[in-house]
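Undergrad: Okay, here's the structure, questions in a sec.
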Amino acid sequence: MSEIPDYLKRGYITPGELFSIIPKPSEDRLRERPVAVPECPQEIPCAPCREVCPTGAINMPTPNDLPVVDYDKCIGCSLCVQVCPGLAFFMVQYVGDRARITMPHELLPLPERGETVVLLNRAGEPVGRGKVVTVVPREKSRGDTPIITVEVPMELAWDVRAVRVEG
Amino acid sequence: MRLTEHPLLRFERGREVTIYFNGRPIKAYEGETIATALHAAGIRALNYSVNKKRPRGLFCAIGKCSSCLMVVNGIPNVRACITPVEDGMRIQPQHGRARLPEKAKPPEFRDAKVVRADIVIIGGGPAGLMAAIHAADAGASVALLDENPRLGGQLIKQTHKFFGKREQFAGVRGVEIAKILSEELRKRENVQVFLETSAVGIFQEKDEKLVFAVRKNREPVEFRGRAIIVATGAMERSIPFENNDLPGIYGAGAIQTLMNTYGVKPGDRVLIVGAGNVGLILAYQLIQAGVEVKAIVEAMPKVGGYFVHAAKVRRLGVPILTRHTILRAEGKERVERAVVAQLDGNWKPIPGTEGTFEVDVIALAVGLRPSIELLQQAGCGVRYVRELGGHVAVRDGWMETTVRGIFVAGDSAGIEEATTAMLEGKIAGIAAALRLGIAGEEWLKEIEGAQKALDEFRSGPFGRHVLEGIKKAMVVGG
């Protein structure tokens, strides 16, 4: 029997584990504009991300292959974040000393632009506070999933993957 | 307890009506089932066991188990989970084996209404709907029956977006797929639909096949056709542990039915048993409905479902305890607590590792087994295939069983995804029309296309064991 990866024992993946499976975007690329990062480490039969990508940046020979993003081709449009049935795509961008994370948010309430929210890591632990800079509501989302972009301290760029809206 | 706000769903409730539980008036809405309305009113114990008089509540919520049998207007053994409320209905818990009142008479089948079609389809879920649509398009007349009050099968409670390719509805939510397929079906004039209609047996009479059914618990209907497609879905499994029959212990699907189909909160604090796709998806949907999920326990050393579903609930703070199991449920008339423990390498609970969760709901997401009773009764060859979830009908590449003219599709053919159920339904629908000489040869290409799509969907690591199972379930040489 093959060894079980740690992320399947825990239910979440660490950046270290993730980037041993897919390449990490370069610092330059992260500063240029948002870039799509799929956190999808299993071969599951699924391809909407590839099908929606306007620039063909998602490499996936068959639906059972892992999505691998060509970071040079990715224009940062976030359609993959909106359509992914597994809610496994995120966009990351470095802006000054902050990072901007785009993520799905299928919960109530949907935060408003400018609102401060509690930042959650992949284990659901609060790790700080951040400001919502963009909201795409469900009606405007291509995949029927609202998405939000939050600004977080740079050191949390690879940890924050959800938010809690207080109020 | 009724939900008014939801991030993905809008609940349209019917006219307000009053039902009476032990004489006590209870507010309900037309379109709700008896069990749903009682649940919304806080009533969990629906009947009491024969000997020890143990309280029992809802378990499957789709008419497959006997856990919700009640006495309705004096008639016993009514499945409260699939029987819609009617104004003034008198409902009582059933105590053990109930007697039919002297005055009441069961329906006589010789008086049954007769419905004729080329193809009779049992089950209006993803497989049955696709079978009906394609059989109709291939030129056959179709009669489709389902024992639930709505079409769509389990799609109507699936709020998550489907995986796969876009041409197979990938990225579309199950609830939306149910609407799309139901509308497509209604567009076809050669299809008759019968809801709240339970098939009770399949018989052969000369060249005709007969499906005996009962509509709305009282009206016998006889469906006559030359081919039958059985798309009866699956039944939620349970596992043995102390007090596993307490009201408040539901199959995962029952919670989805309450919460997503009817907009009724199942409870406030939930423990989920099983970290397969169903358990993981359920956890996410509970959070969306504003319910607290205390933990997911899983006996295996790893998450069994797709990792992405696990990641979704972990980042919202739900612990997944692998190598853990439930030891017992505690509570008087309903669940008040769940006691869990860690498992050792031999699947034995480790003493001293017990932990208690204060919960009012325990969700069992421990797998499904195919519903094959009608196929067995009809004399179809059956084999036990572990990879497909239990006993399944032997079939060929066209989904035809060992009884010529009886086809199978969807979970009743083996536990898989709704995506594969839809493809199998398409194959069975067209194949039945071809067998009857109704469809032209050009439809062969459609079957081949669906078979190719099935192969592709199953070609990854998650599909491999299913493929193994299907090999075992195939007619030798078929």
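FYI, nothing fancy with the structure tokens labels: chains A, B, ... in order, residues from 1 per chain, ligands from 1 as they appear.
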What parts of segment 21-69 of chain A does DSSP call strand (DSSP E)? I'd like the answer as a list in words.

TA: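 Residues meeting the strand (DSSP E) criterion: Val35, Ala36, Val37, Pro38, Ile58, Asn59, Val68 and Val69 of chain A.
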
Undergrad: Those same residues, written as a PDB file, in the first residue's frame with C-alpha atoms?

TA:
ATOM      1  CA  VAL A  35      -2.042  34.926 -10.661  1.00  0.00           C
ATOM      2  CA  ALA A  36      -4.161  31.782 -10.348  1.00  0.00           C
ATOM      3  CA  VAL A  37      -2.957  29.070  -7.965  1.00  0.00           C
ATOM      4  CA  PRO A  38      -4.879  25.762  -7.966  1.00  0.00           C
ATOM      5  CA  ILE A  58      -4.407  25.754 -17.566  1.00  0.00           C
ATOM      6  CA  ASN A  59      -2.605  22.686 -18.712  1.00  0.00           C
ATOM      7  CA  VAL A  68      -1.134  23.173 -13.777  1.00  0.00           C
ATOM      8  CA  VAL A  69      -1.211  26.896 -14.479  1.00  0.00           C
TER       9      VAL A  69
END

Undergrad: Can I get the residues of chain A within 9 Å of chain B, each with the closest pair of atoms and their distance in Å to one decimal, using only C-alpha atoms, sorted chain first then ascending number, as a tab-separated table?

TA:
residue	atom	partner	partner_atom	distance
A:Ile4	CA	B:Lys302	CA	7.2
A:Pro5	CA	B:Lys302	CA	8.6
A:Asp6	CA	B:Lys302	CA	8.6
A:Tyr7	CA	B:Phe307	CA	8.1
A:Leu8	CA	B:Lys302	CA	5.2
A:Lys9	CA	B:Lys302	CA	4.4
A:Arg10	CA	B:Ile320	CA	6.8
A:Gly11	CA	B:Ala310	CA	5.1
A:Tyr12	CA	B:Ala311	CA	5.0
A:Ile13	CA	B:Ala311	CA	7.7
A:Glu39	CA	B:Val308	CA	7.7
A:Cys40	CA	B:Val308	CA	6.4
A:Pro41	CA	B:Phe307	CA	7.6
A:Gln42	CA	B:Phe307	CA	7.0
A:Glu43	CA	B:Gly460	CA	6.1
A:Ile44	CA	B:Gly460	CA	6.3
A:Pro45	CA	B:Gly164	CA	5.2
A:Cys46	CA	B:Gly164	CA	4.0
A:Ala47	CA	B:Lys165	CA	5.5
A:Pro48	CA	B:Arg166	CA	6.2
A:Glu51	CA	B:Arg166	CA	7.6
A:Thr62	CA	B:Glu456	CA	8.3
A:Pro63	CA	B:Gly164	CA	7.1
A:Asn64	CA	B:Gly460	CA	5.3
A:Asp65	CA	B:Gly460	CA	8.0
A:Val83	CA	B:Gly171	CA	6.0
A:Cys84	CA	B:Gly171	CA	6.7
A:Pro85	CA	B:Lys161	CA	4.8
A:Gly86	CA	B:Val308	CA	5.4
A:Leu87	CA	B:Lys312	CA	7.1
A:Ala88	CA	B:Val308	CA	6.1
A:Glu106	CA	B:Pro7	CA	6.1
A:Leu107	CA	B:Pro7	CA	5.4
A:Leu108	CA	B:Pro7	CA	5.5
A:Pro109	CA	B:Pro7	CA	7.8
A:Leu110	CA	B:Pro7	CA	8.5
A:Leu120	CA	B:Arg315	CA	6.7
A:Asn121	CA	B:Arg315	CA	6.1
A:Arg122	CA	B:Arg315	CA	4.3
A:Ala123	CA	B:Arg315	CA	4.7
A:Gly124	CA	B:Gly317	CA	3.8
A:Glu125	CA	B:Gly317	CA	6.5
A:Arg138	CA	B:Leu8	CA	8.8
A:Gly143	CA	B:Gly171	CA	6.7
A:Asp144	CA	B:Val172	CA	8.1
A:Thr145	CA	B:Leu8	CA	8.7
A:Val160	CA	B:Arg315	CA	8.9
A:Arg161	CA	B:Arg315	CA	6.8
A:Ala162	CA	B:Arg315	CA	6.2
A:Val163	CA	B:Leu316	CA	8.2
A:Arg164	CA	B:Leu316	CA	8.3

Undergrad: Measure the distance from atom CA of Glu236 of chain B to atom CA of Gly251 of chain B in Å and round it to one decimal.

TA: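 Interatomic distance, atom CA of Glu236 of chain B to atom CA of Gly251 of chain B: 6.0 Å.
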
Undergrad: Quick one: pick out all alpha helix (DSSP H) residues within segment 270-330 of chain B from a backbone DSSP run and write them as a list in words.

TA: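 Matching residues for alpha helix (DSSP H) in segment 270-330 of chain B are Asn277, Val278, Gly279, Leu280, Ile281, Leu282, Ala283, Tyr284, Gln285, Leu286, Ile287, Gln288, Phe307, Val308, His309, Ala310, Ala311, Lys312, Val313 and Arg314 of chain B.
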
Undergrad: So that I can check the surroundings of Arg100 of chain A, please list as a PyMOL selection string every protein, DNA and RNA residue that reaches within 6 Å of it, counting only C-alpha atoms and ignoring chain neighbours fewer than 2 positions away.

TA: chain A and resi 92-93+150-151

Undergrad: Limited to C-alpha atoms, could you put the picked residues into a file as an mmCIF file, in the first residue's frame?

TA:
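Output contents, as saved in result04.cif:
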data_model
loop_
_atom_site.group_PDB
_atom_site.id
_atom_site.type_symbol
_atom_site.label_atom_id
_atom_site.label_comp_id
_atom_site.auth_asym_id
_atom_site.auth_seq_id
_atom_site.Cartn_x
_atom_site.Cartn_y
_atom_site.Cartn_z
ATOM 1 C CA VAL A 92 -2.546 35.803 -5.251
ATOM 2 C CA GLN A 93 -0.917 39.181 -5.891
ATOM 3 C CA VAL A 150 -8.859 40.490 0.745
ATOM 4 C CA GLU A 151 -5.692 42.377 1.502
#

Undergrad: Can you list, as number ranges by chain, every protein, DNA or RNA residue that comes within 8 Å of Gln256 of chain B when you count only C-alpha atoms, leaving out same-chain residues fewer than 4 positions away?

TA: B: 157-158, 252, 260-261, 282, 285

Undergrad: Residues near Ser182 of chain B, anyone? I mean within 10 Å using only C-alpha atoms, not counting same-chain ones fewer than 3 positions away, as a list in words.

TA: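 Everything that qualifies: Gly124, Gly125, Pro126, Leu129, Met130, Ile133, Arg150, Leu151, Gly152, Glu176, Ile177, Ala178, Lys179, Leu185, Arg186 and Lys187 of chain B.
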
Undergrad: Hey, what's within 10 Å of segment 385-387 of chain B if we count only C-alpha atoms and toss same-chain stuff fewer than 2 positions away? As a list in words, please?

TA: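 That gives Arg369, Val382, Arg383, Gly389, Gly390, His391, Val392, Ala393, Val394, Gly414, Ile415, Glu416, Arg464, His465, Val466, Leu467, Glu468, Gly469, Ile470, Lys471, Lys472 and Ala473 of chain B.
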